[in-house]
file query-v1.csv (CSV, C-alpha atoms)
chain,number,residue,atom,x,y,z
B,1,MET,CA,-98.1,-92.9,52.4
B,2,GLN,CA,-97.5,-93.2,56.1
B,3,ALA,CA,-98.5,-96.8,56.0
B,4,ASN,CA,-96.0,-97.5,53.2
B,5,ALA,CA,-93.2,-95.6,55.0
B,6,ALA,CA,-93.9,-97.6,58.2
B,7,ALA,CA,-93.8,-100.9,56.2
B,8,GLU,CA,-90.6,-99.9,54.5
B,9,GLU,CA,-89.0,-99.0,57.9
B,10,SER,CA,-90.1,-102.4,59.4
B,11,ALA,CA,-88.6,-104.2,56.4
B,12,ARG,CA,-85.3,-102.3,56.8
B,13,ILE,CA,-85.1,-103.1,60.5
B,14,ALA,CA,-85.8,-106.8,59.8
B,15,ALA,CA,-83.2,-106.9,57.1
B,16,GLU,CA,-80.6,-105.4,59.3
B,17,SER,CA,-81.4,-107.8,62.1
B,18,GLU,CA,-81.1,-110.8,59.8
B,19,ALA,CA,-77.8,-109.5,58.5
B,20,ALA,CA,-76.5,-109.1,62.0
B,21,VAL,CA,-77.5,-112.7,62.9
B,22,THR,CA,-75.8,-114.0,59.7
B,23,GLN,CA,-72.6,-112.0,60.4
B,24,SER,CA,-72.5,-113.3,64.0
B,25,ALA,CA,-72.8,-116.9,62.8
B,26,PHE,CA,-70.1,-116.3,60.2
B,27,GLU,CA,-67.7,-114.8,62.7
B,28,ALA,CA,-68.3,-117.7,65.1
B,29,GLN,CA,-67.5,-120.2,62.3
B,30,ILE,CA,-64.3,-118.3,61.5
B,31,ILE,CA,-63.2,-118.3,65.1
B,32,ALA,CA,-63.6,-122.0,65.3
B,33,ILE,CA,-61.6,-122.5,62.1
B,34,THR,CA,-58.9,-120.1,63.3
B,35,ALA,CA,-58.5,-122.1,66.5
B,36,GLU,CA,-58.3,-125.4,64.4
B,37,ALA,CA,-55.7,-123.9,62.1
B,38,VAL,CA,-53.5,-122.7,65.0
B,39,ALA,CA,-53.6,-126.1,66.6
B,40,LEU,CA,-52.7,-127.9,63.4
B,41,ALA,CA,-49.8,-125.6,62.4
B,42,GLY,CA,-48.4,-125.1,65.9
B,43,THR,CA,-47.9,-121.4,65.1
B,44,ALA,CA,-46.5,-118.9,67.6
B,45,GLN,CA,-48.6,-116.3,69.3
B,46,SER,CA,-50.1,-113.7,67.0
B,47,GLU,CA,-48.5,-110.3,66.8
B,48,GLU,CA,-51.9,-108.6,66.9
B,49,ALA,CA,-53.8,-108.8,70.1
B,50,SER,CA,-57.1,-109.0,68.3
B,51,LEU,CA,-56.1,-112.2,66.5
B,52,SER,CA,-54.7,-113.6,69.7
B,53,ASN,CA,-58.0,-113.0,71.5
B,54,ALA,CA,-60.0,-114.5,68.6
B,55,THR,CA,-57.8,-117.6,68.6
B,56,ALA,CA,-58.1,-118.0,72.4
B,57,THR,CA,-61.9,-117.6,72.1
B,58,GLY,CA,-62.0,-120.2,69.3
B,59,GLU,CA,-59.9,-122.7,71.3
B,60,ALA,CA,-62.3,-122.2,74.2
B,61,VAL,CA,-65.3,-122.8,71.9
B,62,MET,CA,-63.7,-125.9,70.5
B,63,GLN,CA,-62.9,-127.3,73.9
B,64,GLN,CA,-66.4,-126.6,75.1
B,65,THR,CA,-67.8,-128.3,72.0
B,66,VAL,CA,-65.7,-131.4,72.6
B,67,ALA,CA,-66.5,-131.4,76.3
B,68,ALA,CA,-70.2,-131.1,75.5
B,69,GLU,CA,-70.0,-134.0,73.0
B,70,ARG,CA,-68.2,-136.2,75.6
B,71,ALA,CA,-70.9,-135.3,78.2
B,72,VAL,CA,-73.6,-136.2,75.8
B,73,GLU,CA,-71.9,-139.5,75.0
B,74,GLN,CA,-71.4,-140.3,78.7
B,75,ASN,CA,-75.0,-139.5,79.4
B,76,ARG,CA,-76.0,-141.8,76.6
B,77,VAL,CA,-73.9,-144.6,77.9
B,78,THR,CA,-75.2,-144.1,81.5
B,79,SER,CA,-78.8,-144.1,80.2
B,80,THR,CA,-78.1,-147.2,78.3
B,81,ALA,CA,-76.6,-148.9,81.3
B,82,VAL,CA,-79.6,-148.0,83.5
B,83,ALA,CA,-82.0,-149.3,80.9
B,84,ALA,CA,-80.0,-152.5,80.6
B,85,THR,CA,-80.1,-153.0,84.3
B,86,ALA,CA,-83.9,-152.6,84.3
B,87,THR,CA,-84.2,-155.0,81.4
B,88,ALA,CA,-81.9,-157.6,83.1
B,89,ASN,CA,-84.0,-157.5,86.2
B,90,PHE,CA,-87.1,-158.1,84.2
B,91,GLU,CA,-85.5,-160.9,82.2
B,92,ASN,CA,-84.3,-162.5,85.4
B,93,ALA,CA,-87.9,-162.9,86.4
B,94,VAL,CA,-88.8,-164.2,83.0
B,95,ALA,CA,-85.9,-166.6,83.1
B,96,THR,CA,-87.1,-168.2,86.4
B,97,ALA,CA,-90.4,-168.9,84.8
B,98,THR,CA,-88.8,-170.1,81.6
B,99,GLN,CA,-86.5,-172.5,83.4
B,100,GLY,CA,-89.4,-173.9,85.3
B,101,ALA,CA,-91.2,-174.5,82.0
B,102,ARG,CA,-88.1,-176.2,80.5
B,103,ALA,CA,-87.9,-178.5,83.5
B,104,SER,CA,-91.5,-179.6,83.2
B,105,ALA,CA,-91.0,-180.1,79.4
B,106,THR,CA,-88.1,-182.5,80.0
B,107,ALA,CA,-88.9,-186.2,80.1
B,108,THR,CA,-87.0,-188.5,82.3
B,109,ASN,CA,-86.0,-191.7,80.4
B,110,SER,CA,-84.1,-193.8,83.0
B,111,GLY,CA,-83.9,-197.1,81.1
B,112,SER,CA,-80.8,-199.1,81.8
B,113,SER,CA,-78.5,-196.1,82.0
B,114,GLY,CA,-80.6,-194.1,84.5
B,115,THR,CA,-79.8,-190.8,82.6
B,116,THR,CA,-82.1,-187.9,81.9
B,117,GLN,CA,-82.9,-187.4,78.2
B,118,PRO,CA,-84.4,-184.1,77.1
B,119,THR,CA,-87.3,-184.4,74.7
B,120,VAL,CA,-87.4,-180.7,73.7
B,121,THR,CA,-84.8,-179.2,71.3
B,122,PRO,CA,-83.6,-175.7,72.3
B,123,ASP,CA,-85.5,-173.1,70.3
B,124,GLN,CA,-84.4,-169.7,69.2
B,125,ALA,CA,-86.4,-168.0,72.0
B,126,ALA,CA,-84.6,-169.9,74.6
B,127,LEU,CA,-81.2,-169.1,73.0
B,128,SER,CA,-82.1,-165.4,72.8
B,129,LEU,CA,-83.0,-165.4,76.4
B,130,ASP,CA,-79.6,-167.0,77.3
B,131,ALA,CA,-77.8,-164.4,75.3
B,132,GLN,CA,-79.2,-161.6,77.5
B,133,LEU,CA,-79.0,-163.5,80.8
B,134,LYS,CA,-75.3,-164.4,80.4
B,135,ALA,CA,-74.3,-161.0,78.9
B,136,PHE,CA,-71.7,-158.8,80.6
B,137,VAL,CA,-70.2,-155.3,80.0
B,138,ARG,CA,-66.6,-155.3,79.0
B,139,GLU,CA,-64.5,-153.1,81.3
B,140,GLU,CA,-62.0,-151.9,78.8
B,141,ASP,CA,-64.4,-150.0,76.6
B,142,ASN,CA,-67.9,-150.4,78.2
B,143,MET,CA,-69.1,-152.7,75.4
B,144,PRO,CA,-71.9,-155.2,76.2
B,145,MET,CA,-71.1,-158.7,75.1
B,146,LEU,CA,-73.9,-161.2,74.5
B,147,PHE,CA,-73.6,-164.9,75.0
B,148,ILE,CA,-74.2,-166.9,71.8
B,149,SER,CA,-75.1,-170.5,72.6
B,150,GLY,CA,-73.4,-172.9,70.3
B,151,GLY,CA,-74.7,-175.7,68.2
B,152,PRO,CA,-75.2,-176.9,64.6
B,153,PHE,CA,-76.7,-174.6,61.9
B,154,LEU,CA,-77.0,-174.4,58.2
B,155,MET,CA,-74.4,-172.0,56.8
B,156,GLY,CA,-74.6,-170.6,53.3
B,157,ALA,CA,-77.5,-170.3,50.9
B,158,SER,CA,-79.0,-171.5,47.7
B,159,GLY,CA,-81.6,-170.1,45.3
B,160,GLU,CA,-81.8,-167.2,42.9
B,161,LEU,CA,-80.6,-164.6,45.4
B,162,SER,CA,-77.5,-166.4,46.5
B,163,ASN,CA,-74.0,-166.0,44.9
B,164,LEU,CA,-71.8,-168.9,44.0
B,165,ASP,CA,-69.5,-168.3,47.0
B,166,GLU,CA,-72.4,-168.8,49.3
B,167,GLN,CA,-73.1,-172.3,47.9
B,168,PRO,CA,-73.7,-175.0,48.8
B,169,PRO,CA,-75.5,-174.7,52.2
B,170,HIS,CA,-73.7,-177.0,54.7
B,171,GLU,CA,-74.1,-177.8,58.4
B,172,VAL,CA,-71.5,-176.3,60.7
B,173,ILE,CA,-71.1,-176.9,64.4
B,174,VAL,CA,-70.4,-173.6,66.3
B,175,PRO,CA,-69.0,-173.6,69.9
B,176,SER,CA,-70.5,-171.1,72.3
B,177,PHE,CA,-68.9,-167.7,72.2
B,178,TYR,CA,-69.5,-164.0,73.2
B,179,LEU,CA,-70.1,-161.3,70.6
B,180,ASP,CA,-70.3,-157.5,70.9
B,181,LYS,CA,-73.9,-156.3,71.1
B,182,PHE,CA,-72.9,-153.2,69.1
B,183,GLU,CA,-70.3,-152.3,66.5
B,184,VAL,CA,-67.2,-150.5,67.8
B,185,SER,CA,-67.9,-146.8,67.8
B,186,ILE,CA,-65.8,-143.9,66.6
B,187,GLN,CA,-65.3,-142.7,70.2
B,188,GLN,CA,-64.1,-146.2,71.3
B,189,TYR,CA,-61.7,-146.4,68.3
B,190,ALA,CA,-60.4,-142.9,69.0
B,191,ASP,CA,-59.6,-143.9,72.6
B,192,PHE,CA,-57.8,-147.0,71.2
B,193,LEU,CA,-55.6,-144.8,69.0
B,194,ASN,CA,-54.8,-142.5,71.9
B,195,ARG,CA,-53.8,-145.5,74.0
B,196,GLN,CA,-51.4,-146.8,71.4
B,197,GLY,CA,-50.1,-143.3,70.6
B,198,GLY,CA,-50.8,-143.1,66.9
B,199,ASN,CA,-52.4,-144.4,63.8
B,200,ARG,CA,-50.1,-147.4,63.2
B,201,GLY,CA,-48.6,-148.8,66.4
B,202,MET,CA,-50.2,-152.3,66.7
B,203,CYS,CA,-51.5,-152.4,63.1
B,204,ALA,CA,-48.6,-154.4,61.5
B,205,GLY,CA,-47.1,-151.2,60.1
B,206,PHE,CA,-50.2,-150.2,58.2
B,207,ASP,CA,-52.6,-147.3,58.9
B,208,CYS,CA,-55.2,-148.6,61.4
B,209,VAL,CA,-57.9,-146.3,60.0
B,210,LYS,CA,-58.2,-144.0,57.0
B,211,THR,CA,-60.1,-140.8,57.8
B,212,GLN,CA,-63.2,-141.7,59.8
B,213,VAL,CA,-61.7,-140.8,63.1
B,214,ASP,CA,-61.7,-137.1,62.2
B,215,THR,CA,-60.6,-134.9,65.1
B,216,ALA,CA,-61.4,-131.5,66.3
B,217,MET,CA,-57.9,-130.5,65.4
B,218,GLY,CA,-57.3,-132.2,62.0
B,219,GLU,CA,-57.0,-135.6,60.3
B,220,PRO,CA,-55.5,-138.5,62.2
B,221,ALA,CA,-52.5,-138.8,59.9
B,222,GLN,CA,-51.5,-135.3,60.8
B,223,GLN,CA,-51.2,-135.8,64.6
B,224,PHE,CA,-50.3,-138.4,67.1
B,225,TRP,CA,-51.2,-137.0,70.5
B,226,LEU,CA,-54.9,-136.6,70.6
B,227,PHE,CA,-57.7,-138.2,68.6
B,228,GLU,CA,-61.2,-136.8,69.0
B,229,PRO,CA,-64.4,-137.6,67.0
B,230,ARG,CA,-66.0,-134.5,65.6
B,231,PRO,CA,-68.9,-133.4,67.8
B,232,GLY,CA,-72.0,-135.5,67.2
B,233,SER,CA,-70.2,-138.5,65.6
B,234,GLY,CA,-68.8,-140.3,68.6
B,235,SER,CA,-71.6,-142.9,68.8
B,236,PHE,CA,-71.5,-143.8,65.1
B,237,PRO,CA,-69.8,-147.0,64.0
B,238,ILE,CA,-66.1,-146.7,63.0
B,239,THR,CA,-65.5,-147.1,59.3
B,240,TRP,CA,-62.6,-146.7,56.9
B,241,VAL,CA,-60.8,-149.1,59.2
B,242,SER,CA,-58.3,-151.7,57.9
B,243,TRP,CA,-58.5,-155.4,58.8
B,244,TYR,CA,-55.2,-154.8,60.7
B,245,GLY,CA,-56.8,-151.9,62.6
B,246,ALA,CA,-59.8,-154.0,63.5
B,247,ASP,CA,-57.7,-157.0,64.6
B,248,ALA,CA,-55.4,-154.7,66.6
B,249,TYR,CA,-58.3,-153.1,68.5
B,250,CYS,CA,-59.8,-156.5,69.5
B,251,HIS,CA,-56.5,-157.9,70.6
B,252,SER,CA,-55.6,-154.8,72.6
B,253,ILE,CA,-58.5,-155.5,74.9
B,254,GLY,CA,-57.9,-159.3,75.0
B,255,ARG,CA,-60.5,-160.3,72.4
B,256,ARG,CA,-60.5,-161.2,68.7
B,257,LEU,CA,-62.5,-160.8,65.5
B,258,PRO,CA,-65.3,-163.3,65.1
B,259,THR,CA,-64.9,-166.0,62.6
B,260,GLU,CA,-67.0,-166.0,59.4
B,261,THR,CA,-69.0,-168.9,60.8
B,262,GLU,CA,-69.6,-167.3,64.2
B,263,TRP,CA,-70.7,-164.0,62.5
B,264,GLU,CA,-73.3,-165.8,60.2
B,265,TYR,CA,-74.6,-167.9,63.0
B,266,ALA,CA,-75.2,-164.8,65.3
B,267,ALA,CA,-76.9,-163.0,62.4
B,268,LYS,CA,-79.0,-165.9,61.1
B,269,GLY,CA,-79.9,-168.0,64.2
B,270,LEU,CA,-81.5,-171.4,63.9
B,271,ASP,CA,-84.3,-170.7,61.4
B,272,GLY,CA,-82.3,-169.9,58.3
B,273,ARG,CA,-83.6,-166.4,57.8
B,274,LEU,CA,-82.5,-164.1,55.0
B,275,TYR,CA,-81.9,-161.0,57.2
B,276,PRO,CA,-81.1,-160.6,60.9
B,277,TRP,CA,-84.8,-159.6,61.6
B,278,GLY,CA,-86.4,-162.2,59.4
B,279,ASN,CA,-87.3,-162.8,55.7
B,280,THR,CA,-88.9,-159.4,54.8
B,281,PRO,CA,-86.8,-157.0,52.7
B,282,PRO,CA,-85.0,-154.2,54.6
B,283,VAL,CA,-86.6,-150.9,55.1
B,284,PRO,CA,-84.3,-147.8,55.1
B,285,ASN,CA,-84.0,-146.1,58.5
B,286,GLU,CA,-86.2,-148.7,60.1
B,287,ASN,CA,-84.2,-151.8,60.3
B,288,ALA,CA,-81.0,-151.0,58.3
B,289,MET,CA,-79.1,-148.2,56.6
B,290,PHE,CA,-78.3,-149.0,53.0
B,291,GLY,CA,-78.5,-147.7,49.4
B,292,TYR,CA,-76.7,-144.4,50.0
B,293,GLN,CA,-74.0,-142.6,47.9
B,294,LEU,CA,-70.7,-141.4,49.2
B,295,ARG,CA,-72.1,-137.8,49.2
B,296,ASP,CA,-74.8,-138.9,51.6
B,297,PHE,CA,-72.3,-139.6,54.4
B,298,GLN,CA,-74.1,-137.4,57.0
B,299,ARG,CA,-77.3,-139.3,56.4
B,300,GLY,CA,-75.9,-142.8,56.0
B,301,PHE,CA,-75.1,-143.5,59.6
B,302,LYS,CA,-76.9,-143.7,63.0
B,303,PRO,CA,-75.6,-144.5,66.5
B,304,VAL,CA,-74.5,-148.1,67.0
B,305,ASP,CA,-77.5,-148.7,69.3
B,306,ALA,CA,-80.1,-147.4,66.9
B,307,LEU,CA,-82.6,-149.4,64.8
B,308,PRO,CA,-83.8,-152.0,67.3
B,309,ALA,CA,-86.1,-153.4,64.7
B,310,GLY,CA,-83.1,-154.7,62.9
B,311,VAL,CA,-81.5,-156.8,65.7
B,312,SER,CA,-80.5,-160.4,65.1
B,313,PRO,CA,-82.2,-163.4,66.7
B,314,PHE,CA,-79.7,-163.2,69.5
B,315,GLY,CA,-80.2,-159.5,70.1
B,316,ILE,CA,-77.1,-158.2,68.2
B,317,PHE,CA,-77.5,-154.7,66.7
B,318,GLY,CA,-76.3,-153.5,63.3
B,319,MET,CA,-75.6,-156.8,61.5
B,320,ALA,CA,-77.1,-155.6,58.2
B,321,GLY,CA,-76.2,-152.3,56.6
B,322,GLY,CA,-74.6,-149.3,58.3
B,323,ALA,CA,-71.0,-150.6,58.7
B,324,ALA,CA,-70.1,-153.9,57.0
B,325,GLU,CA,-67.9,-155.9,59.4
B,326,TRP,CA,-64.4,-157.5,59.1
B,327,VAL,CA,-64.2,-161.2,60.3
B,328,SER,CA,-61.0,-163.1,61.0
B,329,ASP,CA,-61.1,-165.4,57.9
B,330,TRP,CA,-59.2,-165.1,54.7
B,331,TYR,CA,-61.6,-165.1,51.8
B,332,GLN,CA,-61.8,-168.1,49.6
B,333,ALA,CA,-64.5,-168.2,46.9
B,334,ASP,CA,-64.9,-172.0,46.9
B,335,TYR,CA,-64.4,-172.6,50.6
B,336,TYR,CA,-67.9,-173.9,51.2
B,337,ASN,CA,-67.2,-176.8,48.7
B,338,THR,CA,-65.2,-178.5,51.4
B,339,GLN,CA,-68.4,-179.2,53.3
B,340,SER,CA,-66.4,-178.8,56.5
B,341,THR,CA,-68.3,-178.8,59.8
B,342,SER,CA,-65.5,-176.9,61.5
B,343,SER,CA,-66.1,-173.3,62.7
B,344,LEU,CA,-62.4,-172.5,62.7
B,345,PRO,CA,-61.4,-169.5,60.5
B,346,ASN,CA,-60.1,-170.1,57.0
B,347,ASP,CA,-56.3,-169.5,57.1
B,348,ASN,CA,-55.7,-169.9,53.3
B,349,ASN,CA,-54.5,-166.5,52.3
B,350,ALA,CA,-54.1,-167.2,48.6
B,351,SER,CA,-56.7,-164.6,47.6
B,352,GLY,CA,-54.9,-161.8,49.6
B,353,GLU,CA,-58.2,-160.6,50.9
B,354,ASN,CA,-60.2,-161.0,54.1
B,355,SER,CA,-63.9,-161.6,54.4
B,356,VAL,CA,-66.4,-158.8,55.1
B,357,ARG,CA,-69.9,-159.5,56.2
B,358,GLY,CA,-73.2,-157.7,56.6
B,359,GLY,CA,-73.3,-155.1,53.8
B,360,SER,CA,-72.9,-151.4,54.4
B,361,TRP,CA,-74.7,-148.1,54.0
B,362,LEU,CA,-73.4,-148.0,50.4
B,363,ASP,CA,-74.7,-151.4,49.4
B,364,PRO,CA,-78.1,-152.4,47.8
B,365,ALA,CA,-80.6,-154.4,49.8
B,366,THR,CA,-79.5,-157.8,48.4
B,367,GLU,CA,-76.0,-157.3,49.9
B,368,LEU,CA,-77.5,-157.2,53.4
B,369,ARG,CA,-78.5,-160.9,53.4
B,370,VAL,CA,-76.9,-162.8,56.3
B,371,SER,CA,-75.2,-165.3,54.0
B,372,ASN,CA,-73.7,-162.7,51.6
B,373,ARG,CA,-69.9,-162.7,51.5
B,374,GLY,CA,-67.8,-159.6,50.8
B,375,HIS,CA,-64.0,-159.4,50.6
B,376,LEU,CA,-61.3,-156.7,50.6
B,377,PRO,CA,-57.5,-156.5,51.0
B,378,PRO,CA,-56.6,-156.2,54.7
B,379,ALA,CA,-54.7,-152.9,54.3
B,380,VAL,CA,-56.3,-149.6,53.1
B,381,GLN,CA,-53.8,-149.2,50.2
B,382,THR,CA,-56.0,-149.6,47.1
B,383,VAL,CA,-56.3,-146.9,44.4
B,384,ASP,CA,-60.0,-146.6,45.1
B,385,ASP,CA,-59.9,-146.6,48.9
B,386,THR,CA,-63.5,-145.4,49.1
B,387,VAL,CA,-64.5,-149.1,49.1
B,388,TYR,CA,-63.5,-149.0,52.8
B,389,ALA,CA,-65.9,-146.2,53.6
B,390,GLY,CA,-68.5,-148.6,54.9
B,391,VAL,CA,-66.3,-151.2,56.7
B,392,GLY,CA,-66.2,-151.5,60.5
B,393,PHE,CA,-66.1,-154.4,63.0
B,394,ARG,CA,-67.1,-155.8,66.3
B,395,CYS,CA,-65.2,-158.2,68.6
B,396,ALA,CA,-65.7,-161.7,70.0
B,397,GLN,CA,-64.3,-164.0,72.6
B,398,ASP,CA,-64.5,-167.7,73.5
B,399,ALA,CA,-67.2,-168.7,76.0
B,400,ASN,CA,-64.6,-170.4,78.3
B,401,ASN,CA,-62.3,-167.4,78.3

call {"tool": "encode", "arguments": {"input": "query-v1.csv", "output": "structure tokens"}}
result
Amino acid sequence: MQANAAAEESARIAAESEAAVTQSAFEAQIIAITAEAVALAGTAQSEEASLSNATATGEAVMQQTVAAERAVEQNRVTSTAVAATATANFENAVATATQGARASATATNSGSSGTTQPTVTPDQAALSLDAQLKAFVREEDNMPMLFISGGPFLMGASGELSNLDEQPPHEVIVPSFYLDKFEVSIQQYADFLNRQGGNRGMCAGFDCVKTQVDTAMGEPAQQFWLFEPRPGSGSFPITWVSWYGADAYCHSIGRRLPTETEWEYAAKGLDGRLYPWGNTPPVPNENAMFGYQLRDFQRGFKPVDALPAGVSPFGIFGMAGGAAEWVSDWYQADYYNTQSTSSLPNDNNASGENSVRGGSWLDPATELRVSNRGHLPPAVQTVDDTVYAGVGFRCAQDANN
């Protein structure tokens, strides 16, 4: 009997402790929500001192949370920069050896002209090395930009996996250019909205973004003075962004969206691969994020610098799955039938839609092929605007700029 009584007493104490912990957690959640509600509504001070204290505490908690998130983000950026410096130092040493090898592999054919003729065609490894050696970090938003060496490549696809708008394959000559190593993040886009003072500004009178830049104080459409990503999401790629919002961001920092040709070249490289990493099918959470449902939003994204197994031949992250990406071109289903070798963007706006490349976290594996072409209206105004839930972007610039 004494043993039973002791056991019952222990169970009672444990239950009370668990209830106390649960109650504390619930109260903390309410305090945070109260602070958010007060910030949104702009209400006056509470008549009751207890509610005022709770609100002040909640605001402090929210400010600490945002500050902590920014500190984590800054530490991540700093760590990435340190690692990039170490990598660059190593690659400089490799480059010296590589350049020596290239020089010895080049034959001198003087003939009547007396000029030097290379006998070795640049391979993908050499171009990948150049991409890293000539890279720089953009001052405006701390984005690394990689150098993409230009040249001819086979754009489009044929075969049973390809769609009609990917056919026929045709050679295109691409000038050298720079491309963002990562997709633009939620934090970077929130900073852009704060710089322009709202969710329209430079976006041709349309909303720049739908709801992805969720703030600690409410939805973007409800405020125009401060945009903050929710804690933990700042390093994820921005999505729900309109073409106008993507274009405005790039132009605000003196860059532009990549052309459809540039995008495919950076993702495909010289060997005509199916996916940025090669010809093997994508593996979830290893080299791409794909195949999720809208309800899986919390699991469908990773930071923009995640999944190194999925990088393109030039070292570009996130070109398959996660966030699909706007390019500068207007979409035209039969555009490849022109067999044009120009890399200029298509300016025929008859379709009323812009091209989207790369596939998203909501798409099946077949949509992640580097030659696959998506398309959407440039403004987020459709009845089913959830189609924009997986659309983001990155920026480019001319090599001589």

call {"tool": "closest_residue", "arguments": {"input": "query-v1.csv", "among": "B:Phe290, B:Tyr331, B:Phe177, B:Trp326", "to": "Ala266 of chain B", "atoms": "only C-alpha atoms"}}
result
B:Phe177

call {"tool": "residues_around", "arguments": {"input": "query-v1.csv", "residues": "Cys250 of chain B", "least_positions_apart": "6", "cutoff": "10 Å", "atoms": "only C-alpha atoms", "output": "PDB file with C-alpha atoms, in the frame of the given file"}}
result
ATOM      1  CA  VAL B 184     -67.200-150.500  67.800  1.00  0.00           C
ATOM      2  CA  PHE B 192     -57.800-147.000  71.200  1.00  0.00           C
ATOM      3  CA  ARG B 256     -60.500-161.200  68.700  1.00  0.00           C
ATOM      4  CA  LEU B 257     -62.500-160.800  65.500  1.00  0.00           C
ATOM      5  CA  PRO B 258     -65.300-163.300  65.100  1.00  0.00           C
ATOM      6  CA  PHE B 393     -66.100-154.400  63.000  1.00  0.00           C
ATOM      7  CA  ARG B 394     -67.100-155.800  66.300  1.00  0.00           C
ATOM      8  CA  CYS B 395     -65.200-158.200  68.600  1.00  0.00           C
ATOM      9  CA  ALA B 396     -65.700-161.700  70.000  1.00  0.00           C
ATOM     10  CA  GLN B 397     -64.300-164.000  72.600  1.00  0.00           C
TER      11      GLN B 397
END

call {"tool": "closest_residue", "arguments": {"input": "query-v1.csv", "among": "B:Asp334, B:Glu160, B:Asp123, B:Glu325", "to": "Leu270 of chain B", "atoms": "only C-alpha atoms"}}
result
B:Asp123

call {"tool": "closest_residue", "arguments": {"input": "query-v1.csv", "among": "B:Gly232, B:Gly352, B:Gly269, B:Pro144", "to": "His375 of chain B", "atoms": "all atoms listed in the file"}}
result
B:Gly352

call {"tool": "atom_distance", "arguments": {"input": "query-v1.csv", "atom1": "atom CA of Ile253 of chain B", "atom2": "atom CA of Glu140 of chain B"}}
result
6.4 Å

call {"tool": "residues_around", "arguments": {"input": "query-v1.csv", "residues": "Thr261 of chain B", "least_positions_apart": "6", "cutoff": "8 Å", "atoms": "all atoms listed in the file", "output": "NGL selection string"}}
result
:B and (155 or 172 or 174 or 343-345)

call {"tool": "residues_near_point", "arguments": {"input": "query-v1.csv", "point": "(-79.1, -159.5, 52.8)", "cutoff": "9 Å", "atoms": "all atoms listed in the file", "output": "PyMOL selection string"}}
result
chain B and resi 274-276+281-282+320-321+358-359+364-372

call {"tool": "closest_residue", "arguments": {"input": "query-v1.csv", "among": "B:Tyr336, B:Ser252, B:Pro229, B:Gln187", "to": "Ser158 of chain B", "atoms": "all atoms listed in the file"}}
result
B:Tyr336

call {"tool": "closest_residue", "arguments": {"input": "query-v1.csv", "among": "B:Arg273, B:Arg255, B:Lys302, B:Lys210", "to": "Ser235 of chain B", "atoms": "only C-alpha atoms"}}
result
B:Lys302
